[in-house]
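Reproduced below: query-v5.txt, with compact mmCIF, C-alpha atoms and all ligand atoms.
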```txt
# COMPACT_ATOMS: atom_id res chain seq x y z
CA MET A 1 -13.31 -11.88 -40.69
CA THR A 2 -10.14 -9.86 -40.02
CA GLN A 3 -8.32 -10.02 -36.73
CA PRO A 4 -8.62 -7.31 -34.08
CA SER A 5 -5.67 -4.89 -33.91
CA ASP A 6 -3.00 -5.59 -31.34
CA LYS A 7 -4.46 -2.79 -29.21
CA ALA A 8 -7.67 -4.77 -28.76
CA LEU A 9 -5.90 -7.38 -26.70
CA VAL A 10 -5.05 -6.15 -23.21
CA PRO A 11 -2.25 -7.81 -21.23
CA PHE A 12 -3.84 -9.33 -18.11
CA VAL A 13 -1.88 -10.45 -15.06
CA SER A 14 -3.83 -13.03 -13.07
CA VAL A 15 -3.17 -13.86 -9.42
CA ASP A 16 -1.36 -16.99 -10.59
CA ASN A 17 0.90 -15.05 -12.94
CA MET A 18 1.53 -12.37 -10.30
CA MET A 19 2.72 -15.05 -7.89
CA ARG A 20 4.91 -16.66 -10.57
CA LEU A 21 6.44 -13.27 -11.40
CA ILE A 22 7.16 -12.46 -7.74
CA HIS A 23 8.94 -15.80 -7.25
CA HIS A 24 10.81 -15.30 -10.52
CA VAL A 25 12.04 -11.82 -9.49
CA GLY A 26 12.37 -12.64 -5.77
CA ILE A 27 10.22 -11.00 -3.07
CA GLU A 28 12.89 -8.66 -1.71
CA PRO A 29 14.27 -7.58 -5.12
CA MET A 30 10.70 -6.88 -6.26
CA LEU A 31 10.03 -4.79 -3.12
CA ARG A 32 13.21 -2.82 -3.87
CA ASP A 33 12.24 -2.34 -7.53
CA LEU A 34 8.77 -1.17 -6.55
CA ALA A 35 10.21 1.24 -3.99
CA ASP A 36 12.43 2.70 -6.75
CA TYR A 37 9.44 3.19 -9.06
CA ILE A 38 7.40 4.76 -6.24
CA GLU A 39 10.26 7.04 -5.21
CA ALA A 40 10.73 8.13 -8.84
CA ASP A 41 7.05 9.08 -9.05
CA PHE A 42 7.18 10.96 -5.72
CA LYS A 43 9.95 13.00 -7.36
CA ARG A 44 7.59 13.95 -10.22
CA TRP A 45 4.66 14.50 -7.82
CA GLU A 46 3.69 17.91 -9.14
CA LEU A 47 2.85 16.74 -12.66
CA PHE A 48 0.29 14.13 -11.58
CA ASP A 49 -3.49 14.59 -11.47
CA LYS A 50 -4.38 14.34 -7.81
CA THR A 51 -7.70 13.82 -6.11
CA PRO A 52 -8.74 12.19 -2.83
CA ARG A 53 -9.94 8.68 -3.67
CA VAL A 54 -13.61 8.17 -4.40
CA ALA A 55 -15.00 6.18 -1.50
CA SER A 56 -18.34 4.43 -1.13
CA HIS A 57 -18.91 3.61 2.54
CA SER A 58 -21.29 1.07 4.03
CA ASP A 59 -21.85 -0.13 7.60
CA VAL A 60 -19.38 -2.97 7.07
CA GLY A 61 -16.66 -1.51 4.87
CA VAL A 62 -15.62 0.71 2.02
CA ILE A 63 -15.14 0.36 -1.75
CA GLU A 64 -12.80 2.87 -3.35
CA LEU A 65 -11.57 4.00 -6.76
CA MET A 66 -8.10 5.55 -6.92
CA PRO A 67 -7.34 7.34 -10.21
CA THR A 68 -4.36 9.40 -11.36
CA SER A 69 -2.43 10.32 -14.52
CA ASP A 70 1.02 11.63 -15.39
CA GLY A 71 -0.23 12.96 -18.73
CA GLU A 72 1.04 9.95 -20.69
CA ALA A 73 -0.54 7.09 -18.79
CA TYR A 74 -3.71 6.94 -16.73
CA GLY A 75 -4.21 4.43 -13.95
CA PHE A 76 -6.79 3.46 -11.39
CA LYS A 77 -7.21 0.86 -8.69
CA TYR A 78 -10.41 -0.67 -7.36
CA VAL A 79 -9.92 -1.59 -3.71
CA ASN A 80 -12.14 -2.57 -0.81
CA GLY A 81 -11.63 -2.54 2.96
CA HIS A 82 -13.88 -4.83 5.00
CA PRO A 83 -12.46 -5.61 8.48
CA LYS A 84 -15.25 -8.12 9.19
CA ASN A 85 -14.36 -10.21 6.11
CA THR A 86 -11.69 -12.37 7.74
CA SER A 87 -14.32 -13.79 10.15
CA GLU A 88 -16.20 -14.98 7.03
CA GLY A 89 -13.12 -16.53 5.43
CA LEU A 90 -12.63 -13.55 3.09
CA GLN A 91 -9.86 -10.98 2.92
CA THR A 92 -10.08 -7.48 4.40
CA VAL A 93 -8.53 -5.93 1.27
CA THR A 94 -8.82 -7.05 -2.37
CA ALA A 95 -7.92 -5.03 -5.44
CA PHE A 96 -7.36 -4.91 -9.18
CA GLY A 97 -6.05 -2.13 -11.37
CA LEU A 98 -5.78 -0.81 -14.89
CA LEU A 99 -3.30 1.32 -16.81
CA ALA A 100 -4.28 3.12 -20.02
CA ASP A 101 -2.58 5.12 -22.75
CA VAL A 102 -3.67 8.76 -22.44
CA TYR A 103 -3.18 9.37 -26.19
CA THR A 104 -5.66 6.69 -27.34
CA GLY A 105 -7.52 6.05 -24.10
CA TYR A 106 -6.99 2.33 -24.71
CA PRO A 107 -6.12 0.20 -21.65
CA VAL A 108 -2.62 -1.29 -21.83
CA LEU A 109 -2.67 -3.42 -18.67
CA LEU A 110 -5.20 -5.07 -16.39
CA THR A 111 -3.83 -6.75 -13.30
CA GLU A 112 -4.69 -8.33 -10.00
CA MET A 113 -3.69 -5.88 -7.28
CA THR A 114 -4.46 -7.66 -4.00
CA ILE A 115 -0.93 -9.01 -3.77
CA LEU A 116 0.47 -5.99 -5.63
CA THR A 117 -1.18 -3.66 -3.07
CA ALA A 118 0.50 -5.50 -0.20
CA LEU A 119 3.83 -5.15 -2.02
CA ARG A 120 3.34 -1.48 -2.92
CA THR A 121 2.14 -0.56 0.58
CA ALA A 122 5.17 -2.25 2.11
CA ALA A 123 7.54 -0.76 -0.47
CA THR A 124 6.11 2.72 0.21
CA SER A 125 6.45 2.27 3.99
CA ALA A 126 10.06 1.20 3.65
CA MET A 127 10.94 3.90 1.10
CA VAL A 128 9.52 6.48 3.52
CA ALA A 129 11.29 4.90 6.52
CA LYS A 130 14.56 5.07 4.55
CA HIS A 131 14.13 8.86 4.55
CA LEU A 132 12.73 9.31 8.08
CA ALA A 133 13.66 6.45 10.44
CA PRO A 134 16.82 6.53 12.57
CA LYS A 135 19.65 5.31 10.33
CA ASP A 136 20.66 2.64 12.87
CA ALA A 137 17.14 1.16 13.12
CA ARG A 138 17.45 -2.63 13.25
CA THR A 139 14.31 -3.68 15.17
CA MET A 140 10.69 -3.15 14.20
CA ALA A 141 7.54 -3.68 16.24
CA MET A 142 4.77 -5.08 14.01
CA ILE A 143 1.35 -4.63 15.62
CA GLY A 144 -1.38 -6.29 13.58
CA ASN A 145 -0.15 -9.52 12.00
CA GLY A 146 -2.65 -9.98 9.18
CA ALA A 147 -2.29 -10.03 5.40
CA GLN A 148 0.06 -7.03 5.13
CA SER A 149 2.42 -7.93 7.98
CA GLU A 150 5.00 -10.20 6.29
CA PHE A 151 5.25 -7.80 3.33
CA GLN A 152 5.84 -4.87 5.70
CA THR A 153 8.55 -6.79 7.53
CA LEU A 154 10.40 -7.93 4.41
CA ALA A 155 10.31 -4.47 2.83
CA MET A 156 11.80 -2.96 6.00
CA LYS A 157 14.47 -5.66 5.90
CA ALA A 158 15.26 -5.24 2.19
CA ILE A 159 15.23 -1.43 2.11
CA CYS A 160 16.08 -0.26 5.67
CA GLY A 161 18.18 -3.12 7.02
CA ILE A 162 15.73 -4.27 9.72
CA GLU A 163 17.08 -7.46 11.29
CA ALA A 164 14.48 -8.22 13.99
CA VAL A 165 10.68 -7.97 14.21
CA ARG A 166 8.56 -8.11 17.37
CA LEU A 167 5.02 -9.30 16.62
CA PHE A 168 1.79 -8.54 18.45
CA ASP A 169 -1.81 -9.19 17.44
CA ILE A 170 -4.94 -9.53 19.58
CA ASP A 171 -5.36 -12.86 17.80
CA ARG A 172 -2.36 -15.02 18.72
CA ALA A 173 -3.04 -17.24 15.70
CA ALA A 174 -2.26 -14.29 13.39
CA SER A 175 1.13 -13.74 15.07
CA GLU A 176 1.90 -17.46 14.86
CA LYS A 177 1.01 -17.44 11.14
CA CYS A 178 3.25 -14.43 10.56
CA ALA A 179 6.14 -16.03 12.48
CA ARG A 180 5.72 -19.27 10.49
CA ASN A 181 5.75 -17.41 7.18
CA LEU A 182 8.84 -15.39 8.10
CA ALA A 183 10.80 -18.42 9.32
CA GLY A 184 13.99 -18.82 7.32
CA LEU A 185 13.65 -15.45 5.57
CA GLY A 186 16.48 -13.80 7.48
CA VAL A 187 14.55 -11.86 10.15
CA ASP A 188 14.78 -12.61 13.85
CA VAL A 189 11.13 -13.00 14.99
CA THR A 190 9.81 -12.56 18.55
CA LEU A 191 6.18 -13.22 19.48
CA CYS A 192 4.94 -10.76 22.11
CA GLN A 193 2.06 -10.93 24.61
CA THR A 194 1.28 -7.21 24.66
CA PRO A 195 1.81 -4.18 22.41
CA GLU A 196 4.03 -2.73 25.16
CA GLN A 197 6.29 -5.77 24.92
CA ALA A 198 6.33 -5.53 21.11
CA ILE A 199 7.68 -1.98 21.08
CA GLU A 200 10.48 -2.69 23.59
CA GLY A 201 13.78 -1.77 21.92
CA ALA A 202 12.17 -1.10 18.53
CA GLN A 203 13.18 1.96 16.52
CA ILE A 204 10.39 1.52 13.95
CA LEU A 205 6.81 0.98 15.20
CA THR A 206 4.44 -0.31 12.53
CA THR A 207 0.72 -0.40 13.28
CA CYS A 208 -1.26 -2.40 10.74
CA THR A 209 -4.51 -3.43 12.37
CA ALA A 210 -7.99 -3.62 10.90
CA ASP A 211 -10.97 -2.47 12.90
CA LYS A 212 -13.90 -0.36 11.78
CA GLN A 213 -13.51 2.14 14.62
CA CYS A 214 -11.13 4.62 16.19
CA ALA A 215 -8.87 2.28 18.14
CA THR A 216 -5.89 3.12 20.33
CA ILE A 217 -3.22 0.66 19.32
CA LEU A 218 -0.48 2.93 20.65
CA THR A 219 -1.24 5.09 23.71
CA ASP A 220 0.65 8.31 24.28
CA ASN A 221 2.80 6.97 27.11
CA MET A 222 3.95 3.95 25.06
CA VAL A 223 5.90 6.03 22.53
CA GLY A 224 9.31 7.31 23.57
CA SER A 225 11.53 9.75 21.72
CA GLY A 226 13.61 8.95 18.65
CA VAL A 227 11.34 6.39 16.98
CA HIS A 228 9.73 6.28 13.55
CA ILE A 229 6.04 5.30 13.48
CA ASN A 230 4.71 3.67 10.34
CA ALA A 231 0.94 3.93 10.79
CA ILE A 232 -0.80 1.85 8.12
CA GLY A 233 -4.20 0.81 9.49
CA GLY A 234 -5.82 4.22 10.07
CA ASP A 235 -7.00 4.82 6.53
CA CYS A 236 -10.70 5.59 6.62
CA PRO A 237 -13.00 8.16 8.26
CA GLY A 238 -13.68 6.87 11.79
CA LYS A 239 -10.79 4.35 11.63
CA THR A 240 -7.58 5.33 13.45
CA GLU A 241 -4.89 3.61 15.52
CA LEU A 242 -2.97 6.27 17.46
CA ALA A 243 -3.75 8.34 20.52
CA PRO A 244 -3.95 12.03 19.48
CA GLY A 245 -1.22 12.89 22.02
CA ILE A 246 1.28 10.97 19.87
CA LEU A 247 0.42 13.13 16.87
CA SER A 248 1.01 16.30 18.89
CA ARG A 249 4.51 15.12 19.84
CA SER A 250 5.46 13.87 16.36
CA ASP A 251 6.48 15.40 13.06
CA VAL A 252 3.78 14.04 10.77
CA PHE A 253 4.54 13.17 7.14
CA VAL A 254 1.77 12.44 4.65
CA GLU A 255 1.15 11.47 1.03
CA TYR A 256 -1.59 13.86 -0.14
CA PRO A 257 -2.97 16.13 2.60
CA PRO A 258 -6.54 16.53 1.21
CA GLN A 259 -6.97 12.73 1.35
CA THR A 260 -5.05 12.16 4.60
CA ARG A 261 -7.04 14.82 6.47
CA ILE A 262 -10.18 12.82 5.65
CA GLU A 263 -8.80 9.31 6.18
CA GLY A 264 -5.57 9.34 8.19
CA GLU A 265 -4.61 9.61 11.85
CA ILE A 266 -4.75 13.41 11.49
CA GLN A 267 -8.55 13.26 11.04
CA GLN A 268 -8.40 13.45 14.87
CA MET A 269 -6.63 16.83 14.74
CA PRO A 270 -7.72 20.36 13.71
CA GLU A 271 -7.84 21.04 9.97
CA ASP A 272 -4.73 23.21 10.10
CA PHE A 273 -2.64 20.62 11.99
CA PRO A 274 0.85 20.95 10.43
CA VAL A 275 2.03 18.14 8.17
CA THR A 276 4.88 17.73 5.71
CA GLU A 277 4.29 16.28 2.26
CA LEU A 278 6.63 13.38 1.62
CA TRP A 279 7.43 14.31 -1.97
CA GLU A 280 9.03 17.52 -0.72
CA VAL A 281 11.24 15.59 1.70
CA ILE A 282 12.22 13.16 -1.05
CA LEU A 283 13.13 16.04 -3.35
CA GLY A 284 15.18 17.60 -0.52
CA ARG A 285 12.95 20.67 -0.34
CA LYS A 286 11.78 20.03 3.24
CA PRO A 287 13.64 18.44 6.14
CA GLY A 288 12.83 14.88 7.22
CA ARG A 289 14.45 13.65 10.43
CA THR A 290 16.46 16.49 11.96
CA SER A 291 17.32 15.10 15.39
CA ALA A 292 17.86 11.79 17.15
CA ARG A 293 15.11 12.54 19.69
CA GLN A 294 12.44 13.47 17.14
CA ILE A 295 9.43 11.20 16.60
CA THR A 296 8.71 10.91 12.89
CA LEU A 297 5.29 9.59 11.90
CA PHE A 298 4.24 8.38 8.46
CA ASP A 299 0.44 8.73 8.50
CA SER A 300 -0.05 6.28 5.62
CA VAL A 301 -3.41 5.98 3.91
CA GLY A 302 -2.26 4.76 0.49
CA PHE A 303 -2.39 7.18 -2.44
CA ALA A 304 -3.23 6.60 -6.11
CA ILE A 305 0.27 7.56 -7.31
CA GLU A 306 1.75 4.54 -5.45
CA ASP A 307 -0.62 2.26 -7.36
CA PHE A 308 0.23 4.05 -10.59
CA SER A 309 3.93 3.34 -9.90
CA ALA A 310 3.10 -0.32 -9.26
CA LEU A 311 1.10 -0.51 -12.51
CA ARG A 312 3.94 1.19 -14.40
CA TYR A 313 6.39 -1.32 -12.94
CA MET A 314 4.17 -4.23 -14.01
CA ARG A 315 3.74 -2.85 -17.56
CA ASP A 316 7.53 -2.60 -17.93
CA ARG A 317 8.35 -5.86 -16.14
CA ILE A 318 6.02 -8.22 -18.04
CA LYS A 319 7.17 -7.07 -21.51
CA GLY A 320 8.65 -10.03 -23.36
CA THR A 321 7.74 -12.51 -20.60
CA THR A 322 5.08 -15.17 -20.13
CA PHE A 323 3.71 -13.65 -16.93
CA PHE A 324 0.52 -12.41 -18.59
CA GLU A 325 -2.16 -13.47 -21.01
CA ASP A 326 -3.87 -11.43 -23.70
CA LEU A 327 -7.40 -10.55 -22.75
CA ASP A 328 -9.96 -9.98 -25.51
CA MET A 329 -11.24 -6.90 -23.71
CA LEU A 330 -11.69 -4.11 -26.26
CA ALA A 331 -14.14 -4.23 -29.14
CA ASP A 332 -12.04 -3.06 -32.10
CA PRO A 333 -13.92 -3.17 -35.44
CA ASP A 334 -11.91 -2.81 -38.70
CA ASP A 335 -14.03 0.22 -39.52
CA PRO A 336 -14.04 2.10 -36.23
CA ARG A 337 -17.59 3.35 -36.85
CA ASP A 338 -18.97 -0.07 -37.69
CA LEU A 339 -19.31 -1.52 -34.18
CA PHE A 340 -22.78 -2.82 -35.03
CA GLY A 341 -21.53 -4.47 -38.23
CA MET A 342 -18.89 -6.28 -36.23
CA LEU A 343 -21.61 -7.58 -33.92
CA LEU A 344 -23.77 -8.72 -36.88
CA ARG A 345 -20.86 -10.54 -38.51
CA ALA A 346 -20.25 -12.43 -35.25
CA GLN A 347 -23.73 -14.00 -35.37
CA PRO A 348 -23.32 -17.76 -35.11
N1 LIG B 401 -2.11 2.62 4.24
C1 LIG B 401 -2.23 1.80 3.22
O1 LIG B 401 -1.74 2.08 2.12
C2 LIG B 401 -2.92 0.49 3.41
C3 LIG B 401 -2.83 -0.50 2.41
C4 LIG B 401 -3.41 -1.75 2.66
C5 LIG B 401 -4.10 -1.96 3.85
N2 LIG B 401 -4.20 -0.95 4.77
C6 LIG B 401 -4.89 -1.16 6.04
O2 LIG B 401 -4.04 -1.96 6.84
C7 LIG B 401 -4.83 -2.70 7.79
C8 LIG B 401 -4.40 -4.13 7.82
O3 LIG B 401 -4.71 -4.75 6.59
P1 LIG B 401 -4.61 -6.31 6.44
O4 LIG B 401 -4.93 -6.63 5.01
O5 LIG B 401 -3.32 -6.79 7.02
O6 LIG B 401 -5.82 -6.75 7.41
P2 LIG B 401 -6.07 -8.14 8.14
O7 LIG B 401 -7.52 -8.14 8.52
O8 LIG B 401 -5.54 -9.26 7.32
O9 LIG B 401 -5.18 -8.06 9.46
C9 LIG B 401 -5.45 -7.15 10.49
C10 LIG B 401 -4.94 -7.75 11.81
O10 LIG B 401 -5.12 -6.76 12.85
C11 LIG B 401 -5.43 -7.46 14.04
N3 LIG B 401 -5.99 -6.52 15.00
C12 LIG B 401 -7.21 -5.93 15.01
N4 LIG B 401 -7.33 -5.12 16.09
C13 LIG B 401 -6.13 -5.18 16.74
C14 LIG B 401 -5.63 -4.58 17.93
N5 LIG B 401 -6.39 -3.73 18.65
N6 LIG B 401 -4.36 -4.84 18.31
C15 LIG B 401 -3.58 -5.71 17.60
N7 LIG B 401 -4.02 -6.34 16.48
C16 LIG B 401 -5.28 -6.08 16.06
C17 LIG B 401 -6.38 -8.55 13.58
O11 LIG B 401 -6.46 -9.60 14.53
C18 LIG B 401 -5.73 -8.99 12.26
O12 LIG B 401 -4.84 -10.08 12.44
C19 LIG B 401 -6.27 -2.50 7.35
O13 LIG B 401 -6.87 -1.58 8.25
C20 LIG B 401 -6.19 -1.94 5.96
O14 LIG B 401 -7.28 -1.10 5.67
C21 LIG B 401 -3.62 0.26 4.57
```

I need this file expressed as structure tokens, please.
Ligand SMILES: NC(=O)c1ccc[n+]([C@@H]2O[C@H](COP(=O)([O-])OP(=O)(O)OC[C@H]3O[C@@H](n4cnc5c(N)ncnc54)[C@H](O)[C@@H]3O)[C@@H](O)[C@H]2O)c1
Amino acid sequence: MTQPSDKALVPFVSVDNMMRLIHHVGIEPMLRDLADYIEADFKRWELFDKTPRVASHSDVGVIELMPTSDGEAYGFKYVNGHPKNTSEGLQTVTAFGLLADVYTGYPVLLTEMTILTALRTAATSAMVAKHLAPKDARTMAMIGNGAQSEFQTLAMKAICGIEAVRLFDIDRAASEKCARNLAGLGVDVTLCQTPEQAIEGAQILTTCTADKQCATILTDNMVGSGVHINAIGGDCPGKTELAPGILSRSDVFVEYPPQTRIEGEIQQMPEDFPVTELWEVILGRKPGRTSARQITLFDSVGFAIEDFSALRYMRDRIKGTTFFEDLDMLADPDDPRDLFGMLLRAQP
């Protein structure tokens, strides 16, 4: 029996290898690298295939597929969102993803993406805040202190120079966990009793809660002028975090309007509510922050191109390393038309 071609073996990054790689690179350097890859792909936004993600909703959550292609590589992520999961000892969000070669259609990478999603979401938030937040922002309010929260904080530190974070969660144990995890990582952490207390003196307000309903994490009167809001948790139909009055007073920046109008904070607004696409700001075609009093709002839902960037980074980064294993994933007979013969020859 001859061996399968090298294309039959697909590099696979397990959770264990992902964690080893992150510690090898360093969390903050990796967040910076990912932000660079994501920013580079926002600059080539127009050449990507774009479609709102394909969502399958149930009473308890959502399962989504997020595909895109730049014409040379094709990528997709499988991701779920189940706010009730943590009460059952499971995570709200889990994910894995695949990158393929458009020329052959053969996959070239399969990877865990639960941790990678937390990194890419945080890297995207910070890359966007770099363009929109007040340049002297040093304090962030972090409302919702679950799985994403430490990643969000460290990305804002590494990329925007945030020095202090003010934590609030309806579950005090989540804030205490976040504070414990951030101890010694170079951020000044304050635990707060209320969301109002958390936003005191903060120039960046991050909302990252999970609830399967339209919640009001920030009310209109809580948000003063001159801040940047990084709204992460409103990312599904019927799942928002901000009072509509805040949206009316803000300049709203989005990833891909057809998806954000379905899933983001702006689902609360009329269909023609004005938004600016981030790629145009990043390319310098549209203004970002234009005044110190302006409220800028990143209505983040998470778009496929950010996952594509993360997959592209992983493909490049694991080359020549031991942070992956070869997965026998593609049937690859010597005679391409003799798939059945290959099966027969494998009979024990
Ligand atoms: N925009 C994106 O790209 C993106 C990516 C990943 C996750 N998300 C979303 O981010 C959210 C957080 O994800 P996670 O993995 O950290 O979830 P998680 O379940 O681990 O944490 C959510 C936290 O929010 C807290 N919370 C719920 N309601 C609250 C309230 N009213 N006030 C304050 N805190 C409250 C919970 O107690 C919990 O600690 C989810 O809604 C998820 O869908 C968005």

Please report the interatomic distance between CA of Leu9 in chain A and CA of Lys50 in chain A in Å with one decimal.
28.8 Å

List every residue of chain A that has an atom at most 7 Å from any atom of ligand LIG 401 (chain B), and for each one report the closest atom pair and its distance in Å to one decimal, counting only C-alpha atoms and all ligand atoms, with rows sorted by chain and then by increasing residue number, as JSON lines.
```
{"residue": "A:Gly81", "atom": "CA", "partner": "B:LIG401", "partner_atom": "O14", "distance": 5.3}
{"residue": "A:Pro83", "atom": "CA", "partner": "B:LIG401", "partner_atom": "O7", "distance": 5.6}
{"residue": "A:Thr86", "atom": "CA", "partner": "B:LIG401", "partner_atom": "O7", "distance": 6.0}
{"residue": "A:Gln91", "atom": "CA", "partner": "B:LIG401", "partner_atom": "O8", "distance": 6.4}
{"residue": "A:Thr92", "atom": "CA", "partner": "B:LIG401", "partner_atom": "O7", "distance": 4.9}
{"residue": "A:Val93", "atom": "CA", "partner": "B:LIG401", "partner_atom": "O4", "distance": 5.2}
{"residue": "A:Thr117", "atom": "CA", "partner": "B:LIG401", "partner_atom": "C4", "distance": 6.4}
{"residue": "A:Ala118", "atom": "CA", "partner": "B:LIG401", "partner_atom": "C4", "distance": 6.1}
{"residue": "A:Thr121", "atom": "CA", "partner": "B:LIG401", "partner_atom": "O1", "distance": 4.9}
{"residue": "A:Ile143", "atom": "CA", "partner": "B:LIG401", "partner_atom": "C15", "distance": 5.4}
{"residue": "A:Gly144", "atom": "CA", "partner": "B:LIG401", "partner_atom": "O10", "distance": 3.8}
{"residue": "A:Asn145", "atom": "CA", "partner": "B:LIG401", "partner_atom": "O12", "distance": 4.7}
{"residue": "A:Gly146", "atom": "CA", "partner": "B:LIG401", "partner_atom": "O9", "distance": 3.2}
{"residue": "A:Ala147", "atom": "CA", "partner": "B:LIG401", "partner_atom": "O5", "distance": 3.8}
{"residue": "A:Gln148", "atom": "CA", "partner": "B:LIG401", "partner_atom": "O5", "distance": 3.9}
{"residue": "A:Ser149", "atom": "CA", "partner": "B:LIG401", "partner_atom": "O5", "distance": 5.9}
{"residue": "A:Phe168", "atom": "CA", "partner": "B:LIG401", "partner_atom": "C15", "distance": 6.1}
{"residue": "A:Asp169", "atom": "CA", "partner": "B:LIG401", "partner_atom": "N7", "distance": 3.7}
{"residue": "A:Ile170", "atom": "CA", "partner": "B:LIG401", "partner_atom": "C15", "distance": 4.5}
{"residue": "A:Asp171", "atom": "CA", "partner": "B:LIG401", "partner_atom": "O11", "distance": 4.7}
{"residue": "A:Ala174", "atom": "CA", "partner": "B:LIG401", "partner_atom": "O12", "distance": 5.0}
{"residue": "A:Cys208", "atom": "CA", "partner": "B:LIG401", "partner_atom": "C8", "distance": 4.6}
{"residue": "A:Thr209", "atom": "CA", "partner": "B:LIG401", "partner_atom": "O10", "distance": 3.4}
{"residue": "A:Ala210", "atom": "CA", "partner": "B:LIG401", "partner_atom": "O13", "distance": 3.5}
{"residue": "A:Asp211", "atom": "CA", "partner": "B:LIG401", "partner_atom": "N4", "distance": 5.5}
{"residue": "A:Ala215", "atom": "CA", "partner": "B:LIG401", "partner_atom": "N5", "distance": 6.5}
{"residue": "A:Ile217", "atom": "CA", "partner": "B:LIG401", "partner_atom": "N5", "distance": 5.5}
{"residue": "A:Ile232", "atom": "CA", "partner": "B:LIG401", "partner_atom": "N1", "distance": 4.2}
{"residue": "A:Gly233", "atom": "CA", "partner": "B:LIG401", "partner_atom": "O13", "distance": 3.8}
{"residue": "A:Gly234", "atom": "CA", "partner": "B:LIG401", "partner_atom": "O13", "distance": 6.2}
{"residue": "A:Asp235", "atom": "CA", "partner": "B:LIG401", "partner_atom": "N1", "distance": 5.8}
{"residue": "A:Ser300", "atom": "CA", "partner": "B:LIG401", "partner_atom": "N1", "distance": 4.4}
{"residue": "A:Val301", "atom": "CA", "partner": "B:LIG401", "partner_atom": "N1", "distance": 3.6}
{"residue": "A:Gly302", "atom": "CA", "partner": "B:LIG401", "partner_atom": "O1", "distance": 3.2}
{"residue": "A:Phe303", "atom": "CA", "partner": "B:LIG401", "partner_atom": "O1", "distance": 6.9}
```

If we count only C-alpha atoms and set the cut-off at 12 Å, which residues sit around Glu265 in chain A, ignoring sequence neighbours fewer than 3 positions away in its own chain? Please answer as a PyMOL selection string.
chain A and resi 207+213-218+229-248+250+252-254+257+259-262+268-270+273+275+297-301

Let me make sure I understand: among A:Val10, A:Leu327, A:Met113, A:Leu343, which one has the smallest atom-to-atom distance to Ala100 in chain A if we use all atoms listed in the file?
A:Val10

Compile the contact shell of range 319-323 of chain A as a PyMOL selection string: residues with an atom at most 12 Å away, counting only C-alpha atoms, same-chain residues fewer than 6 positions apart removed.
chain A and resi 11-25+108-109+111+312-313

Show me, as a ChimeraX atom specification, the residues that have an atom within 10 Å of Lys157 in chain A when counting only C-alpha atoms, minus same-chain residues fewer than 6 positions from it.
/A:28,126,138-140,151,163-165,185-187

Judged by all atoms listed in the file, the minimum distance to Thr276 in chain A among A:Ile305, A:Leu132, A:Pro336, A:Ile38 is found for A:Leu132

Correct to one decimal, the distance CA of Ile162 in chain A-CA of Leu311 in chain A is 26.9 Å

Rounded to one decimal in Å, what is the spacing between CA of Cys192 in chain A and CA of Lys135 in chain A?
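Answer for the CA of Cys192 in chain A to CA of Lys135 in chain A separation: 24.8 Å.
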
Restricting the calculation to only C-alpha atoms: of A:Leu205, A:Asp49, A:Tyr256, A:Leu339, which residue gets closest to Glu280 in chain A?
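Closest candidate: A:Tyr256.
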
Using all atoms listed in the file, which residue out of A:Met66, A:Ala8, A:Ala173, A:Leu116 lies closest to Leu31 in chain A?
A:Leu116

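Across A:Leu34, A:Val128, A:Val62, A:Leu47, the tightest approach to Glu277 in chain A is made by A:Val128 when counting all atoms listed in the file.
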
Under the rule that all atoms listed in the file are counted, which of A:Cys160, A:Ala137, A:Met30, A:Met222 is the nearest residue to Ala292 in chain A?
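Residue with the minimum atom-to-atom distance to Ala292 in chain A: A:Ala137.
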
Adding 3 Å on each side of the box along x, y and z that holds all listed atoms of range 312-331 of chain A, could you give its centre and edge lengths in Å to one decimal, as lines of an AutoDock Vina configuration file?
```
center_x = -2.7
center_y = -7.0
center_z = -21.0
size_x = 28.8
size_y = 22.4
size_z = 22.2
```

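Residues of protein, DNA and RNA with at least one atom no farther than 7 Å from (-4.1, 1.8, -19.6) are, using all atoms listed in the file, Ala73, Tyr74, Gly75, Leu98, Leu99, Ala100, Asp101, Tyr106, Pro107, Val108 and Leu109 of chain A.
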
For C-alpha atoms, I'd like the residues from the last selection saved as a compact mmCIF listing (two decimals), in the coordinates of the input.
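In the end it all went to again-v3.txt:
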```txt
# COMPACT_ATOMS: atom_id res chain seq x y z
CA ALA A 73 -0.54 7.09 -18.79
CA TYR A 74 -3.71 6.94 -16.73
CA GLY A 75 -4.21 4.43 -13.95
CA LEU A 98 -5.78 -0.81 -14.89
CA LEU A 99 -3.30 1.32 -16.81
CA ALA A 100 -4.28 3.12 -20.02
CA ASP A 101 -2.58 5.12 -22.75
CA TYR A 106 -6.99 2.33 -24.71
CA PRO A 107 -6.12 0.20 -21.65
CA VAL A 108 -2.62 -1.29 -21.83
CA LEU A 109 -2.67 -3.42 -18.67
```
